[in-house]
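Data block for data.txt (compact mmCIF, C-alpha atoms and all ligand atoms):
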```txt
# COMPACT_ATOMS: atom_id res chain seq x y z
CA MET L 1 -39.87 -18.28 49.73
CA ILE L 2 -38.58 -16.92 46.44
CA HIS L 3 -40.94 -16.11 43.55
CA HIS L 4 -39.68 -15.98 39.96
CA LEU L 5 -41.39 -13.20 37.96
CA ASN L 6 -41.14 -12.37 34.28
CA CYS L 7 -41.55 -8.58 34.22
CA GLY L 8 -41.17 -8.06 30.49
CA THR L 9 -41.36 -10.34 27.47
CA MET L 10 -39.36 -9.27 24.40
CA CYS L 11 -39.79 -10.79 20.95
CA PRO L 12 -36.77 -9.94 18.74
CA PHE L 13 -37.01 -11.04 15.13
CA GLY L 14 -34.90 -14.02 14.03
CA ARG L 15 -35.84 -16.73 16.49
CA ARG L 16 -32.96 -19.07 15.68
CA LEU L 17 -30.41 -16.27 16.27
CA VAL L 18 -31.90 -15.54 19.69
CA ASN L 19 -33.23 -18.83 21.05
CA GLY L 20 -30.94 -21.25 19.23
CA GLU L 21 -33.85 -23.17 17.72
CA GLY L 22 -36.83 -22.58 15.44
CA SER L 23 -37.05 -20.53 12.29
CA LEU L 24 -34.88 -17.61 11.28
CA LEU L 25 -38.06 -15.88 10.09
CA ALA L 26 -40.02 -16.15 13.33
CA PHE L 27 -40.08 -13.94 16.41
CA GLY L 28 -37.88 -15.02 19.29
CA SER L 29 -38.59 -14.85 22.98
CA MET L 30 -36.72 -13.27 25.87
CA VAL L 31 -37.87 -12.57 29.42
CA CYS L 32 -36.96 -10.08 32.15
CA HIS L 33 -36.40 -12.53 35.00
CA CYS L 34 -36.90 -10.89 38.39
CA LEU L 35 -37.00 -12.36 41.91
CA LEU L 36 -39.40 -11.51 44.71
CA VAL L 37 -37.84 -12.70 47.98
CA GLU L 38 -39.73 -12.96 51.26
CA THR L 39 -37.36 -11.94 54.07
CA ASP L 40 -37.57 -10.91 57.74
CA ASP L 41 -37.22 -7.33 56.48
CA GLY L 42 -40.14 -7.41 54.03
CA LEU L 43 -40.14 -8.23 50.34
CA VAL L 44 -36.99 -7.79 48.26
CA LEU L 45 -37.31 -7.35 44.51
CA VAL L 46 -34.24 -8.26 42.44
CA ASP L 47 -34.42 -6.37 39.12
CA THR L 48 -37.73 -4.82 38.04
CA GLY L 49 -38.13 -5.19 34.27
CA PHE L 50 -40.57 -2.69 32.75
CA GLY L 51 -42.83 -0.52 34.91
CA THR L 52 -46.41 0.56 34.41
CA ALA L 53 -45.35 4.01 33.13
CA ASP L 54 -43.01 2.32 30.60
CA LEU L 55 -46.00 0.53 29.10
CA ARG L 56 -48.06 3.73 28.95
CA GLU L 57 -45.30 5.86 27.42
CA PHE L 58 -43.21 3.26 25.65
CA SER L 59 -42.52 5.02 22.35
CA ARG L 60 -41.84 8.34 24.09
CA ARG L 61 -39.43 6.90 26.67
CA PHE L 62 -37.49 4.19 24.86
CA PRO L 63 -34.92 4.85 22.12
CA LEU L 64 -35.60 3.68 18.58
CA TRP L 65 -32.84 1.02 18.60
CA PHE L 66 -34.43 -0.68 21.59
CA ARG L 67 -37.96 -0.56 20.16
CA VAL L 68 -36.79 -2.02 16.84
CA VAL L 69 -34.36 -4.66 18.12
CA CYS L 70 -36.06 -5.90 21.29
CA LEU L 71 -39.79 -5.60 20.43
CA PRO L 72 -41.24 -5.81 23.96
CA ARG L 73 -44.75 -7.26 24.15
CA LEU L 74 -45.91 -4.59 26.67
CA ASP L 75 -48.27 -6.93 28.49
CA ALA L 76 -50.15 -5.05 31.23
CA ARG L 77 -50.06 -8.16 33.46
CA GLU L 78 -46.24 -8.30 33.52
CA PRO L 79 -45.00 -5.28 35.54
CA ALA L 80 -43.74 -6.36 38.96
CA ILE L 81 -46.37 -4.32 40.80
CA ARG L 82 -49.19 -6.25 39.13
CA GLN L 83 -47.58 -9.58 40.01
CA VAL L 84 -46.93 -8.49 43.62
CA GLU L 85 -50.64 -7.65 43.90
CA ARG L 86 -51.68 -10.98 42.38
CA LEU L 87 -49.57 -12.76 45.00
CA GLY L 88 -51.69 -11.01 47.64
CA TYR L 89 -49.19 -8.36 48.72
CA SER L 90 -49.40 -4.60 48.76
CA PRO L 91 -46.78 -2.67 46.74
CA ALA L 92 -45.71 -1.08 50.06
CA ASP L 93 -44.62 -4.55 51.23
CA VAL L 94 -41.69 -4.30 48.78
CA ARG L 95 -39.14 -2.71 51.13
CA HIS L 96 -35.99 -3.22 49.05
CA ILE L 97 -35.07 -3.32 45.37
CA VAL L 98 -31.71 -4.66 44.21
CA PRO L 99 -31.07 -4.03 40.49
CA THR L 100 -28.27 -5.96 38.78
CA HIS L 101 -27.59 -2.76 36.82
CA MET L 102 -29.46 0.33 35.69
CA ASP L 103 -30.17 -0.42 32.03
CA LEU L 104 -33.57 0.58 30.68
CA ASP L 105 -34.97 -2.97 30.80
CA HIS L 106 -33.97 -3.58 34.45
CA VAL L 107 -35.07 -0.52 36.42
CA GLY L 108 -38.32 0.51 34.68
CA GLY L 109 -40.31 -0.66 37.70
CA LEU L 110 -38.55 1.51 40.32
CA ALA L 111 -41.25 4.20 40.21
CA ASP L 112 -43.98 1.65 40.98
CA PHE L 113 -42.37 1.18 44.43
CA PRO L 114 -41.44 4.74 45.49
CA ASP L 115 -41.02 3.81 49.18
CA ALA L 116 -38.56 0.95 48.59
CA ARG L 117 -34.87 1.35 49.31
CA VAL L 118 -32.92 0.86 46.07
CA HIS L 119 -29.52 -0.79 46.60
CA VAL L 120 -27.16 0.03 43.71
CA HIS L 121 -23.46 -0.63 43.37
CA GLN L 122 -21.52 2.66 43.42
CA PRO L 123 -19.81 2.33 39.99
CA GLU L 124 -23.16 1.52 38.36
CA TYR L 125 -24.89 4.43 40.07
CA ASP L 126 -22.13 6.80 38.94
CA ALA L 127 -22.29 5.49 35.35
CA ALA L 128 -26.07 5.93 35.18
CA MET L 129 -25.96 9.44 36.62
CA ARG L 130 -23.05 10.63 34.46
CA ARG L 131 -24.02 8.91 31.15
CA MET L 132 -20.58 9.72 29.78
CA SER L 133 -20.66 7.90 26.42
CA ALA L 134 -23.20 7.83 23.59
CA SER L 135 -24.16 4.25 24.43
CA GLU L 136 -24.72 5.18 28.08
CA LYS L 137 -26.93 8.09 27.04
CA SER L 138 -29.17 5.66 25.16
CA ARG L 139 -29.22 2.80 27.69
CA TYR L 140 -29.77 4.76 30.93
CA LEU L 141 -33.10 6.64 31.04
CA PRO L 142 -33.22 9.36 33.75
CA VAL L 143 -37.03 9.20 33.63
CA HIS L 144 -36.69 5.88 35.50
CA TRP L 145 -35.39 7.69 38.59
CA ALA L 146 -37.14 11.06 38.17
CA HIS L 147 -39.20 10.21 41.29
CA GLN L 148 -35.98 10.31 43.36
CA PRO L 149 -35.78 6.80 44.78
CA LYS L 150 -34.43 6.15 48.26
CA TRP L 151 -30.97 5.20 47.04
CA GLU L 152 -28.69 3.02 49.14
CA ILE L 153 -25.33 3.23 47.41
CA VAL L 154 -23.31 0.06 47.94
CA GLY L 155 -19.52 0.29 47.89
CA SER L 156 -16.90 -2.34 47.18
CA GLY L 157 -15.14 -4.63 49.62
CA GLY L 158 -17.01 -7.20 51.62
CA ASP L 159 -16.82 -10.96 51.94
CA ASP L 160 -15.60 -13.81 49.81
CA TRP L 161 -18.41 -15.79 48.17
CA PHE L 162 -17.21 -18.90 46.30
CA GLY L 163 -14.14 -16.92 45.20
CA PHE L 164 -16.13 -13.84 44.15
CA GLN L 165 -16.25 -10.49 45.92
CA SER L 166 -19.56 -10.18 47.72
CA VAL L 167 -21.17 -7.14 49.33
CA ARG L 168 -24.10 -7.89 51.64
CA VAL L 169 -27.17 -5.73 51.13
CA ILE L 170 -29.97 -7.48 53.07
CA GLY L 171 -28.58 -9.33 56.09
CA ASP L 172 -27.04 -12.63 55.07
CA ARG L 173 -29.81 -13.29 52.51
CA VAL L 174 -28.92 -11.01 49.57
CA ALA L 175 -25.53 -9.83 48.30
CA LEU L 176 -24.20 -7.94 45.29
CA ILE L 177 -21.54 -9.83 43.32
CA PRO L 178 -19.64 -7.42 41.04
CA LEU L 179 -19.49 -8.81 37.46
CA TYR L 180 -18.33 -5.83 35.40
CA GLY L 181 -18.33 -5.70 31.63
CA HIS L 182 -21.89 -5.36 30.28
CA THR L 183 -21.91 -1.99 32.09
CA ARG L 184 -19.30 -0.26 34.27
CA GLY L 185 -20.81 -1.45 37.55
CA HIS L 186 -22.85 -4.49 36.52
CA CYS L 187 -23.42 -7.00 39.36
CA GLY L 188 -24.93 -10.39 39.94
CA VAL L 189 -27.25 -10.73 42.93
CA ALA L 190 -26.80 -13.76 45.18
CA VAL L 191 -29.87 -14.84 47.15
CA ARG L 192 -29.72 -17.53 49.83
CA ARG L 193 -32.61 -19.96 49.62
CA ASP L 194 -34.48 -21.33 52.61
CA ASP L 195 -32.60 -24.64 52.22
CA GLY L 196 -29.22 -22.85 52.47
CA ARG L 197 -28.30 -23.21 48.80
CA TRP L 198 -27.93 -20.13 46.60
CA LEU L 199 -29.47 -18.56 43.54
CA LEU L 200 -27.22 -16.26 41.52
CA HIS L 201 -29.15 -13.81 39.36
CA ALA L 202 -26.35 -13.02 36.89
CA GLY L 203 -28.27 -10.19 35.21
CA ASP L 204 -26.81 -9.48 31.78
CA ALA L 205 -23.37 -10.98 32.53
CA TYR L 206 -24.37 -13.44 29.79
CA PHE L 207 -27.54 -13.98 27.75
CA PHE L 208 -27.88 -17.66 26.81
CA HIS L 209 -28.27 -20.37 29.46
CA ARG L 210 -25.65 -22.65 27.89
CA GLU L 211 -22.86 -20.03 28.09
CA VAL L 212 -21.96 -21.18 31.60
CA HIS L 213 -22.17 -24.90 30.84
CA ALA L 214 -19.10 -27.11 30.39
CA ASP L 215 -19.67 -27.13 26.60
CA PRO L 216 -20.51 -23.40 26.21
CA TRP L 217 -22.61 -22.25 23.28
CA CYS L 218 -24.53 -19.10 22.35
CA PRO L 219 -26.57 -18.33 19.23
CA LEU L 220 -25.03 -15.83 16.83
CA GLY L 221 -27.56 -13.03 17.36
CA LEU L 222 -26.98 -12.95 21.10
CA ARG L 223 -23.21 -13.17 20.64
CA VAL L 224 -23.22 -10.10 18.41
CA PHE L 225 -25.62 -8.20 20.66
CA GLN L 226 -23.63 -8.87 23.83
CA ARG L 227 -20.41 -7.75 22.28
CA ALA L 228 -22.01 -4.56 20.95
CA ALA L 229 -23.68 -3.79 24.28
CA ALA L 230 -20.58 -4.37 26.42
CA LEU L 231 -18.87 -1.34 27.95
CA ASP L 232 -15.80 -3.52 28.61
CA ASN L 233 -15.86 -6.72 26.56
CA THR L 234 -12.62 -8.13 28.02
CA SER L 235 -13.99 -7.95 31.56
CA ARG L 236 -17.31 -9.38 30.37
CA LEU L 237 -15.66 -12.45 28.83
CA ARG L 238 -13.48 -12.96 31.89
CA ASN L 239 -16.53 -12.92 34.14
CA VAL L 240 -18.44 -15.41 31.96
CA ALA L 241 -15.43 -17.73 32.30
CA ARG L 242 -15.48 -17.27 36.09
CA LEU L 243 -19.20 -18.10 36.17
CA ARG L 244 -18.52 -21.21 34.09
CA ASP L 245 -15.90 -22.28 36.65
CA LEU L 246 -18.36 -21.58 39.47
CA HIS L 247 -21.01 -23.71 37.79
CA ALA L 248 -18.52 -26.56 37.26
CA ALA L 249 -17.18 -26.50 40.84
CA HIS L 250 -20.30 -25.57 42.85
CA GLY L 251 -23.28 -26.22 40.58
CA ASP L 252 -24.94 -28.23 43.36
CA GLU L 253 -24.73 -25.28 45.80
CA VAL L 254 -25.30 -22.32 43.46
CA ASP L 255 -27.95 -22.18 40.74
CA ILE L 256 -26.86 -19.53 38.20
CA PHE L 257 -29.27 -17.94 35.74
CA CYS L 258 -29.30 -14.84 33.54
CA ALA L 259 -31.95 -12.14 33.18
CA HIS L 260 -33.20 -12.74 29.67
CA SER L 261 -33.14 -16.51 29.18
CA PRO L 262 -36.60 -18.06 28.72
CA ASP L 263 -35.01 -21.50 29.31
CA ASP L 264 -33.70 -20.49 32.74
CA PHE L 265 -37.02 -18.87 33.58
CA ALA L 266 -39.04 -21.95 32.61
CA ARG L 267 -36.75 -24.21 34.62
CA LEU L 268 -36.75 -22.09 37.79
CA SER L 269 -40.36 -20.90 37.77
CA ALA L 270 -41.50 -24.52 37.49
CA GLY L 271 -40.09 -24.97 41.03
ZN ZN H 301 -31.02 -6.49 29.98
```
As a first step, turn the structure in this file into structure tokens.
Ligand SMILES: [Zn+2]
Amino acid sequence: MIHHLNCGTMCPFGRRLVNGEGSLLAFGSMVCHCLLVETDDGLVLVDTGFGTADLREFSRRFPLWFRVVCLPRLDAREPAIRQVERLGYSPADVRHIVPTHMDLDHVGGLADFPDARVHVHQPEYDAAMRRMSASEKSRYLPVHWAHQPKWEIVGSGGDDWFGFQSVRVIGDRVALIPLYGHTRGHCGVAVRRDDGRWLLHAGDAYFFHREVHADPWCPLGLRVFQRAAALDNTSRLRNVARLRDLHAAHGDEVDIFCAHSPDDFARLSAG
């Protein structure tokens, strides 16, 4: 069983530039799409969105650019820990966390699950610890790992997965799929469903659901934002093209979605 959780709603201004429809003068809508996967080795959380401490200390923790541009709703019902509890689990049942990358809107919930093993791709871990550029200083918040998580650093190599490199992290159920560009070590996370087909959580490899369709399109606001946020825009664009090819060739076996698309979230959380 795989649960789809929205662990952070953001409402950037200029709806048409973000959602591709509606008024330019309205607030848009973006989600932080996370997965809660029931496995033989306990619950696995893919991405975490915002944590409870983020909501309490939002203006102290988050940089001004993020507060102004992304306008998170800070809904106390949205952190992953609250949703895990509502599903009838204890937070301690979450044994593993697999972030797509370590940006401030993806790992805020780590501290709510201090006993979980956190599986991070080595280049992403190094980038977040070193924070070498100005943009990395403002996107990676050390307060998110001040509790010293139980890191499991995942190297490269591994298996072939539909033509992509794949590094298994939880048995044959969950694998990291390196998709560099948005950050130095950004990954997708492939999760095998009970019926044998796959979900690919593509994180921030792209932002608008139609970018991987045969007739790709993305609203202007998201196009500009993605380019500005990319550590390596050439790699980012190459990986979006690879995901488009994957969707065209194997769309019946692999369901691809991105972290912030409300369209993807509505489609997948409806079952
Ligand atoms: Zn993000």
(message) List as a PyMOL selection string the protein and nucleic acid residues lying within 12 Å of ligand ZN 301 (chain H), with all atoms listed in the file counted.
(response) chain L and resi 7-10+30-34+47-50+66+70+72+99-108+139-140+182-183+186+202-207+222+225-226+229-230+258-261
(request) Would you list the contacts of Ala116 (chain L) as a list of chain:residue names, taking every protein, DNA or RNA residue within 12 Å and counting all atoms listed in the file, but skipping same-chain residues closer than 3 positions in sequence? (result) L:Asp41, L:Gly42, L:Leu43, L:Val44, L:Leu45, L:Val46, L:Pro91, L:Ala92, L:Asp93, L:Val94, L:Arg95, L:His96, L:Ile97, L:Val98, L:Gly109, L:Leu110, L:Ala111, L:Asp112, L:Phe113, L:His119, L:His147, L:Gln148, L:Pro149, L:Lys150, L:Trp151, L:Glu152
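Distances here use all atoms listed in the file; by that measure, the residue among L:Arg61, L:Asp172, L:Glu124, L:Arg86 closest to Leu141 (chain L) is L:Arg61.
Nearest residue to Thr52 (chain L) among L:Pro79, L:Gly158, L:Gly271, L:Pro114 is L:Pro79, counting all atoms listed in the file.
As for CA of Pro178 (chain L) and CA of Leu35 (chain L), they are spaced 18.1 Å apart.
One finds CA of Leu231 (chain L) at 18.2 Å from CA of Pro63 (chain L).
Note that CA of Ala270 (chain L) and CA of Ser23 (chain L) are 25.9 Å apart.
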Enumerate, in order of chain and increasing residue number, the residues of region 72-191 of chain L with an atom no farther than 12 Å from region 236-244 of chain L, each with its shortest atom pair and distance in Å to one decimal, counting all atoms listed in the file, as CSV.
```
residue,atom,partner,partner_atom,distance
L:Phe162,CA,L:Leu243,CA,10.4
L:Gly163,CA,L:Arg242,CA,9.2
L:Phe164,CA,L:Arg242,CA,8.8
L:Gln165,CA,L:Arg242,CA,12.0
L:Ile177,CA,L:Asn239,CA,10.9
L:Pro178,CA,L:Asn239,CA,9.4
L:Leu179,CA,L:Asn239,CA,6.1
L:Tyr180,CA,L:Arg236,CA,6.2
L:Gly181,CA,L:Arg236,CA,4.0
L:His182,CA,L:Arg236,CA,6.1
L:Thr183,CA,L:Arg236,CA,8.9
L:Arg184,CA,L:Arg236,CA,10.1
L:Gly185,CA,L:Arg236,CA,11.3
L:His186,CA,L:Arg236,CA,9.6
L:Cys187,CA,L:Asn239,CA,10.5
L:Gly188,CA,L:Leu243,CA,10.3
```
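When all atoms listed in the file are used to measure the gap to Gly20 (chain L), the shortest distance among L:Glu253, L:Glu78, L:His209, L:Ile153 belongs to L:His209.
Counting all atoms listed in the file and comparing L:Thr234, L:Asp194, L:Gln83, L:Ala175, the residue that lies closest to Asp160 (chain L) is L:Ala175.
Distances to Leu17 (chain L) were evaluated for L:Asp115, L:Val174, L:Ser29, L:His121 using all atoms listed in the file, and the minimum falls at L:Ser29.
Near Leu200 (chain L), within a cut-off of 7 Å and counting all atoms listed in the file, sit the residues Gly188, Val189, Ala190, Val191, Val254, Asp255, Ile256 and Phe257 of chain L, with same-chain residues fewer than 6 positions away left out.
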Have region 106-131 of chain L completed to N, CA and C atoms, please, and pass it along as a compact mmCIF listing (two decimals), in the frame of the given file.
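What landed in result_35.txt:
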```txt
# COMPACT_ATOMS: atom_id res chain seq x y z
N HIS L 106 -34.15 -2.98 33.12
CA HIS L 106 -33.97 -3.58 34.45
C HIS L 106 -34.50 -2.71 35.57
N VAL L 107 -34.63 -1.40 35.34
CA VAL L 107 -35.07 -0.52 36.42
C VAL L 107 -36.35 0.25 36.10
N GLY L 108 -37.08 -0.19 35.06
CA GLY L 108 -38.32 0.51 34.68
C GLY L 108 -39.36 0.48 35.79
N GLY L 109 -39.30 -0.53 36.65
CA GLY L 109 -40.31 -0.66 37.70
C GLY L 109 -40.02 0.11 38.97
N LEU L 110 -38.90 0.81 39.06
CA LEU L 110 -38.55 1.51 40.32
C LEU L 110 -39.69 2.43 40.78
N ALA L 111 -40.26 3.18 39.83
CA ALA L 111 -41.25 4.20 40.21
C ALA L 111 -42.55 3.59 40.72
N ASP L 112 -42.78 2.31 40.46
CA ASP L 112 -43.98 1.65 40.98
C ASP L 112 -43.84 1.33 42.47
N PHE L 113 -42.62 1.47 43.00
CA PHE L 113 -42.37 1.18 44.43
C PHE L 113 -41.59 2.35 45.03
N PRO L 114 -42.20 3.54 45.11
CA PRO L 114 -41.44 4.74 45.49
C PRO L 114 -40.91 4.70 46.92
N ASP L 115 -41.48 3.85 47.79
CA ASP L 115 -41.02 3.81 49.18
C ASP L 115 -39.91 2.80 49.42
N ALA L 116 -39.59 1.98 48.40
CA ALA L 116 -38.56 0.95 48.59
C ALA L 116 -37.17 1.57 48.61
N ARG L 117 -36.27 0.95 49.36
CA ARG L 117 -34.87 1.35 49.31
C ARG L 117 -34.23 0.65 48.12
N VAL L 118 -33.49 1.40 47.31
CA VAL L 118 -32.92 0.86 46.07
C VAL L 118 -31.40 0.72 46.25
N HIS L 119 -30.93 -0.52 46.29
CA HIS L 119 -29.52 -0.79 46.60
C HIS L 119 -28.74 -0.95 45.29
N VAL L 120 -27.90 0.03 44.98
CA VAL L 120 -27.16 0.03 43.71
C VAL L 120 -25.67 0.12 44.00
N HIS L 121 -24.91 -0.65 43.25
CA HIS L 121 -23.46 -0.63 43.37
C HIS L 121 -22.93 0.74 42.91
N GLN L 122 -22.00 1.29 43.69
CA GLN L 122 -21.52 2.66 43.42
C GLN L 122 -21.09 2.90 41.97
N PRO L 123 -20.24 2.03 41.37
CA PRO L 123 -19.81 2.33 39.99
C PRO L 123 -20.97 2.35 38.99
N GLU L 124 -22.00 1.54 39.25
CA GLU L 124 -23.16 1.52 38.36
C GLU L 124 -24.00 2.78 38.55
N TYR L 125 -24.16 3.19 39.79
CA TYR L 125 -24.89 4.43 40.07
C TYR L 125 -24.21 5.62 39.39
N ASP L 126 -22.88 5.69 39.55
CA ASP L 126 -22.13 6.80 38.94
C ASP L 126 -22.28 6.78 37.42
N ALA L 127 -22.18 5.59 36.82
CA ALA L 127 -22.29 5.49 35.35
C ALA L 127 -23.65 5.96 34.87
N ALA L 128 -24.71 5.57 35.60
CA ALA L 128 -26.07 5.93 35.18
C ALA L 128 -26.34 7.41 35.37
N MET L 129 -25.74 8.01 36.39
CA MET L 129 -25.96 9.44 36.62
C MET L 129 -25.15 10.28 35.63
N ARG L 130 -23.93 9.81 35.33
CA ARG L 130 -23.05 10.63 34.46
C ARG L 130 -23.35 10.42 32.98
N ARG L 131 -23.72 9.21 32.57
CA ARG L 131 -24.02 8.91 31.15
C ARG L 131 -22.96 9.51 30.25
```
